[in-house]
Amino acid sequence: MSTKPLLDSRTAITVKTKSNVFPGLGILKDIQKNKLLYVMLLPIILFFGVFHYIPMYGAIIAFKDFSPRLGILGSPWAGLEHFRTFFEGIYFWRTLKNTILISLYDLIFGFPAPIILALLLNEIKKTFFKRSIQTITYMPHFVSLVVVCGMIKEFTASSGLVNDVIAFLGGERLSLLLEAQFFRTIYVSSGVWQHIGWGTIIYLAALAGIDTEQYEAAKIDGAGRWKQMFHITLPGIMPTIVILLILEMGRMMNVGTEKIILLYNPTVYDTADVISSYVYRMGLQEFNYSFSSAVGLFNSAINFTLVIGSNWLSRKLNNTSLW
């Protein structure tokens with residue numbers, strides 16, 4: 001009677017040991033079991049492999065004096081010369097300061113905006129009105145960035161709609177995109193308008209997952225709308241907020257390159273020129289490939305450090321993290 005359980009326990013221990021020694025066997029079994037899911041995953045793996053991981057080989061040119069004629073392997077090594085040139089250059093502090101400031105303003109004003117809109121929409125009981133607001137707010141996300149920048153230029157021109165309002169209120173007409181002090185405000189505010197609706201979708205989905213019985217119990221206890229929001233709604237979507245904040249931190253130094261290039265001009269470089277736009281000018285306009293690669297690699301290293309640090313801090317503070 002006692003032999004059989006002992007044999008079963010030994011068998012279980014043996015199977016567990018084999019799975020630990022050969023973890024690949026578990027993966028192969030999972031692939032066989034979920035073939036269709038892995039087939040659906042294959043295009044994504046190929047996309048990131050071809051367009052994100054294989055091109056990382058080209059980062060070598062940041063440490064070389066790259067010449068297209070000689071190729072990556074044939075070009076002579078330069079070591080850290082291009083990094084030193086950037087750190088000692090006159091544009092280092094300007095581009096770094098602009099990148100950090102624009103990113104911080106975007107984080108302070110742009111990140112909470114979808115959360116606030118989602119909380120407001122969650123309080124609306126009329127389904128038609130709620131869906132109409134959703135549709136109107138997330139439509140700008142699907143408009144081409146070139147079209148958006150064209151609209152911004154038209155609205156902020158001296159004869160544009162914004163200046164019509166300023167003139168009506170007694171102000172002076174200005175071509176706002178030619179004034180350095182207004183560039184960051186225009187960039188951040190237009191970004192909020194463009195992405196607030198799209199970001200709200202994620203938070204509305206998270207709000208839909210909160211147990212309604214919690215609200216009913218809170219009403220019985222006499223909690224009003226504000227207390228329900230602070231004690232039920234916000235804690236319920238907090239894991240989503242934290243995950244999206246970590247992802248946002250990983251993109252902080254990648255200020256929208258295309259948008260800035262489409263909007264800025266030499267008269268506003270003092271407040272608009274960021275690291276990514278500087279890389280574009282040095283690499284594609286002045287053909288200084290090695291130097292621009294070094295600057296881009298420095299930028300990527302900061303992003304990597306930010307996402308690792310924010311993930312670690314989040315895991316320590318509230319046990320929520322990406323990994």
# chains A, B, ... in the order shown; residues from 1 in each chain; ligands from 1
>>> select_by_dssp(residues="region 144-192 of chain A", states="alpha helix (DSSP H)", output="ChimeraX atom specification")
/A:145-156,161-168,180-192
>>> write_last_selection(atoms="N, CA and C atoms", output="compact mmCIF listing (two decimals), in the first residue's frame")
# COMPACT_ATOMS: atom_id res chain seq x y z
N LEU A 145 0.45 62.97 -39.57
CA LEU A 145 1.24 63.96 -38.84
C LEU A 145 1.58 65.15 -39.73
N VAL A 146 1.79 64.91 -41.00
CA VAL A 146 2.07 66.01 -41.94
C VAL A 146 0.88 66.96 -42.00
N VAL A 147 -0.32 66.40 -42.05
CA VAL A 147 -1.53 67.22 -42.08
C VAL A 147 -1.69 67.99 -40.77
N VAL A 148 -1.43 67.32 -39.64
CA VAL A 148 -1.53 67.97 -38.33
C VAL A 148 -0.57 69.15 -38.25
N CYS A 149 0.68 68.93 -38.67
CA CYS A 149 1.66 70.02 -38.63
C CYS A 149 1.28 71.15 -39.57
N GLY A 150 0.70 70.81 -40.73
CA GLY A 150 0.21 71.85 -41.63
C GLY A 150 -0.90 72.67 -41.00
N MET A 151 -1.80 72.00 -40.27
CA MET A 151 -2.86 72.71 -39.56
C MET A 151 -2.29 73.62 -38.49
N ILE A 152 -1.30 73.12 -37.76
CA ILE A 152 -0.68 73.93 -36.70
C ILE A 152 -0.05 75.18 -37.29
N LYS A 153 0.64 75.02 -38.42
CA LYS A 153 1.28 76.18 -39.06
C LYS A 153 0.24 77.20 -39.51
N GLU A 154 -0.88 76.72 -40.06
CA GLU A 154 -1.92 77.63 -40.51
C GLU A 154 -2.58 78.35 -39.33
N PHE A 155 -2.86 77.62 -38.27
CA PHE A 155 -3.55 78.21 -37.12
C PHE A 155 -2.67 79.21 -36.37
N THR A 156 -1.33 78.94 -36.35
CA THR A 156 -0.43 79.81 -35.58
C THR A 156 0.22 80.90 -36.43
N LEU A 161 -6.07 81.39 -37.10
CA LEU A 161 -7.18 81.41 -36.15
C LEU A 161 -6.74 81.83 -34.75
N VAL A 162 -5.59 81.33 -34.30
CA VAL A 162 -5.11 81.66 -32.95
C VAL A 162 -4.86 83.15 -32.83
N ASN A 163 -4.24 83.73 -33.86
CA ASN A 163 -3.98 85.17 -33.83
C ASN A 163 -5.26 85.99 -33.98
N ASP A 164 -6.27 85.43 -34.63
CA ASP A 164 -7.57 86.12 -34.69
C ASP A 164 -8.15 86.26 -33.29
N VAL A 165 -8.03 85.20 -32.49
CA VAL A 165 -8.52 85.24 -31.11
C VAL A 165 -7.70 86.22 -30.28
N ILE A 166 -6.35 86.18 -30.47
CA ILE A 166 -5.47 87.10 -29.73
C ILE A 166 -5.78 88.54 -30.08
N ALA A 167 -5.98 88.81 -31.37
CA ALA A 167 -6.31 90.17 -31.80
C ALA A 167 -7.67 90.61 -31.28
N PHE A 168 -8.63 89.70 -31.23
CA PHE A 168 -9.96 90.02 -30.71
C PHE A 168 -9.90 90.40 -29.23
N ALA A 180 10.69 81.71 -30.41
CA ALA A 180 11.26 80.57 -29.69
C ALA A 180 10.52 80.27 -28.39
N GLN A 181 10.02 81.30 -27.70
CA GLN A 181 9.40 81.08 -26.39
C GLN A 181 8.06 80.36 -26.48
N PHE A 182 7.46 80.28 -27.67
CA PHE A 182 6.15 79.65 -27.81
C PHE A 182 6.24 78.21 -28.35
N PHE A 183 7.41 77.78 -28.80
CA PHE A 183 7.49 76.49 -29.48
C PHE A 183 7.08 75.33 -28.58
N ARG A 184 7.62 75.28 -27.36
CA ARG A 184 7.32 74.15 -26.47
C ARG A 184 5.85 74.09 -26.13
N THR A 185 5.24 75.26 -25.91
CA THR A 185 3.81 75.30 -25.60
C THR A 185 2.99 74.76 -26.77
N ILE A 186 3.33 75.17 -27.97
CA ILE A 186 2.61 74.70 -29.16
C ILE A 186 2.80 73.20 -29.35
N TYR A 187 4.03 72.74 -29.17
CA TYR A 187 4.32 71.32 -29.36
C TYR A 187 3.55 70.45 -28.37
N VAL A 188 3.61 70.80 -27.09
CA VAL A 188 2.99 69.98 -26.05
C VAL A 188 1.46 70.04 -26.14
N SER A 189 0.90 71.24 -26.30
CA SER A 189 -0.56 71.37 -26.34
C SER A 189 -1.16 70.67 -27.55
N SER A 190 -0.49 70.76 -28.70
CA SER A 190 -0.99 70.07 -29.89
C SER A 190 -0.88 68.55 -29.73
N GLY A 191 0.14 68.10 -29.00
CA GLY A 191 0.28 66.68 -28.73
C GLY A 191 -0.83 66.15 -27.84
N VAL A 192 -1.21 66.95 -26.84
CA VAL A 192 -2.33 66.57 -25.96
C VAL A 192 -3.61 66.45 -26.78
>>> closest_residue(among="A:Asn288, A:Gln214, A:Thr271, A:Thr99", to="Ile302 (chain A)", atoms="only C-alpha atoms")
A:Thr99
>>> closest_atom_pairs(of="region 175-259 of chain A", to="region 102-125 of chain A", cutoff="12 Å", atoms="only C-alpha atoms", output="JSON lines")
{"residue": "A:Phe182", "atom": "CA", "partner": "A:Ile102", "partner_atom": "CA", "distance": 12.0}
{"residue": "A:Phe183", "atom": "CA", "partner": "A:Ile102", "partner_atom": "CA", "distance": 9.7}
{"residue": "A:Arg184", "atom": "CA", "partner": "A:Ile102", "partner_atom": "CA", "distance": 6.3}
{"residue": "A:Thr185", "atom": "CA", "partner": "A:Tyr105", "partner_atom": "CA", "distance": 8.6}
{"residue": "A:Ile186", "atom": "CA", "partner": "A:Ile102", "partner_atom": "CA", "distance": 10.7}
{"residue": "A:Tyr187", "atom": "CA", "partner": "A:Ile102", "partner_atom": "CA", "distance": 8.3}
{"residue": "A:Val188", "atom": "CA", "partner": "A:Asp106", "partner_atom": "CA", "distance": 5.6}
{"residue": "A:Ser189", "atom": "CA", "partner": "A:Gly110", "partner_atom": "CA", "distance": 8.0}
{"residue": "A:Ser190", "atom": "CA", "partner": "A:Gly110", "partner_atom": "CA", "distance": 9.7}
{"residue": "A:Gly191", "atom": "CA", "partner": "A:Gly110", "partner_atom": "CA", "distance": 7.2}
{"residue": "A:Val192", "atom": "CA", "partner": "A:Gly110", "partner_atom": "CA", "distance": 5.2}
{"residue": "A:Trp193", "atom": "CA", "partner": "A:Gly110", "partner_atom": "CA", "distance": 8.9}
{"residue": "A:Gln194", "atom": "CA", "partner": "A:Gly110", "partner_atom": "CA", "distance": 10.0}
{"residue": "A:His195", "atom": "CA", "partner": "A:Pro114", "partner_atom": "CA", "distance": 8.1}
{"residue": "A:Ile196", "atom": "CA", "partner": "A:Pro114", "partner_atom": "CA", "distance": 4.9}
{"residue": "A:Gly197", "atom": "CA", "partner": "A:Pro114", "partner_atom": "CA", "distance": 6.6}
{"residue": "A:Trp198", "atom": "CA", "partner": "A:Pro114", "partner_atom": "CA", "distance": 7.9}
{"residue": "A:Gly199", "atom": "CA", "partner": "A:Pro114", "partner_atom": "CA", "distance": 5.3}
{"residue": "A:Thr200", "atom": "CA", "partner": "A:Pro114", "partner_atom": "CA", "distance": 4.6}
{"residue": "A:Ile201", "atom": "CA", "partner": "A:Ala118", "partner_atom": "CA", "distance": 7.7}
{"residue": "A:Ile202", "atom": "CA", "partner": "A:Ala118", "partner_atom": "CA", "distance": 8.8}
{"residue": "A:Tyr203", "atom": "CA", "partner": "A:Ala118", "partner_atom": "CA", "distance": 6.1}
{"residue": "A:Leu204", "atom": "CA", "partner": "A:Ala118", "partner_atom": "CA", "distance": 5.7}
{"residue": "A:Ala205", "atom": "CA", "partner": "A:Ala118", "partner_atom": "CA", "distance": 9.4}
{"residue": "A:Ala206", "atom": "CA", "partner": "A:Ala118", "partner_atom": "CA", "distance": 9.8}
{"residue": "A:Leu207", "atom": "CA", "partner": "A:Asn122", "partner_atom": "CA", "distance": 7.6}
{"residue": "A:Ala208", "atom": "CA", "partner": "A:Asn122", "partner_atom": "CA", "distance": 8.9}
{"residue": "A:Ile210", "atom": "CA", "partner": "A:Asn122", "partner_atom": "CA", "distance": 11.6}
{"residue": "A:Arg225", "atom": "CA", "partner": "A:Glu123", "partner_atom": "CA", "distance": 8.9}
{"residue": "A:Trp226", "atom": "CA", "partner": "A:Leu119", "partner_atom": "CA", "distance": 10.9}
{"residue": "A:Gln228", "atom": "CA", "partner": "A:Glu123", "partner_atom": "CA", "distance": 11.2}
{"residue": "A:Met229", "atom": "CA", "partner": "A:Leu119", "partner_atom": "CA", "distance": 8.2}
{"residue": "A:Phe230", "atom": "CA", "partner": "A:Leu119", "partner_atom": "CA", "distance": 10.8}
{"residue": "A:Ile232", "atom": "CA", "partner": "A:Leu119", "partner_atom": "CA", "distance": 11.8}
{"residue": "A:Thr233", "atom": "CA", "partner": "A:Leu119", "partner_atom": "CA", "distance": 8.2}
{"residue": "A:Leu234", "atom": "CA", "partner": "A:Leu119", "partner_atom": "CA", "distance": 8.8}
{"residue": "A:Gly236", "atom": "CA", "partner": "A:Leu119", "partner_atom": "CA", "distance": 11.8}
{"residue": "A:Ile237", "atom": "CA", "partner": "A:Ile115", "partner_atom": "CA", "distance": 9.4}
{"residue": "A:Met238", "atom": "CA", "partner": "A:Ile115", "partner_atom": "CA", "distance": 10.4}
{"residue": "A:Thr240", "atom": "CA", "partner": "A:Ile115", "partner_atom": "CA", "distance": 10.4}
{"residue": "A:Ile241", "atom": "CA", "partner": "A:Ile115", "partner_atom": "CA", "distance": 8.3}
{"residue": "A:Val242", "atom": "CA", "partner": "A:Phe111", "partner_atom": "CA", "distance": 11.2}
{"residue": "A:Leu244", "atom": "CA", "partner": "A:Phe111", "partner_atom": "CA", "distance": 9.0}
{"residue": "A:Leu245", "atom": "CA", "partner": "A:Phe111", "partner_atom": "CA", "distance": 7.9}
{"residue": "A:Ile246", "atom": "CA", "partner": "A:Leu107", "partner_atom": "CA", "distance": 11.4}
{"residue": "A:Leu247", "atom": "CA", "partner": "A:Phe111", "partner_atom": "CA", "distance": 11.2}
{"residue": "A:Glu248", "atom": "CA", "partner": "A:Leu107", "partner_atom": "CA", "distance": 7.9}
{"residue": "A:Met249", "atom": "CA", "partner": "A:Leu107", "partner_atom": "CA", "distance": 8.5}
{"residue": "A:Gly250", "atom": "CA", "partner": "A:Ser103", "partner_atom": "CA", "distance": 11.0}
{"residue": "A:Arg251", "atom": "CA", "partner": "A:Ser103", "partner_atom": "CA", "distance": 8.7}
{"residue": "A:Met252", "atom": "CA", "partner": "A:Ser103", "partner_atom": "CA", "distance": 5.4}
{"residue": "A:Met253", "atom": "CA", "partner": "A:Ser103", "partner_atom": "CA", "distance": 6.8}
{"residue": "A:Asn254", "atom": "CA", "partner": "A:Ser103", "partner_atom": "CA", "distance": 8.3}
{"residue": "A:Val255", "atom": "CA", "partner": "A:Ser103", "partner_atom": "CA", "distance": 6.4}
{"residue": "A:Gly256", "atom": "CA", "partner": "A:Ser103", "partner_atom": "CA", "distance": 9.5}
{"residue": "A:Thr257", "atom": "CA", "partner": "A:Ile102", "partner_atom": "CA", "distance": 11.9}
>>> closest_residue(among="A:Ile260, A:Ser300, A:Ser290, A:Asn318", to="Asp65 (chain A)", atoms="only C-alpha atoms")
A:Ser290
>>> residues_around(residues="Ser158 (chain A)", least_positions_apart="2", cutoff="6 Å", atoms="only C-alpha atoms", output="PyMOL selection string")
chain A and resi 160+163+173-175
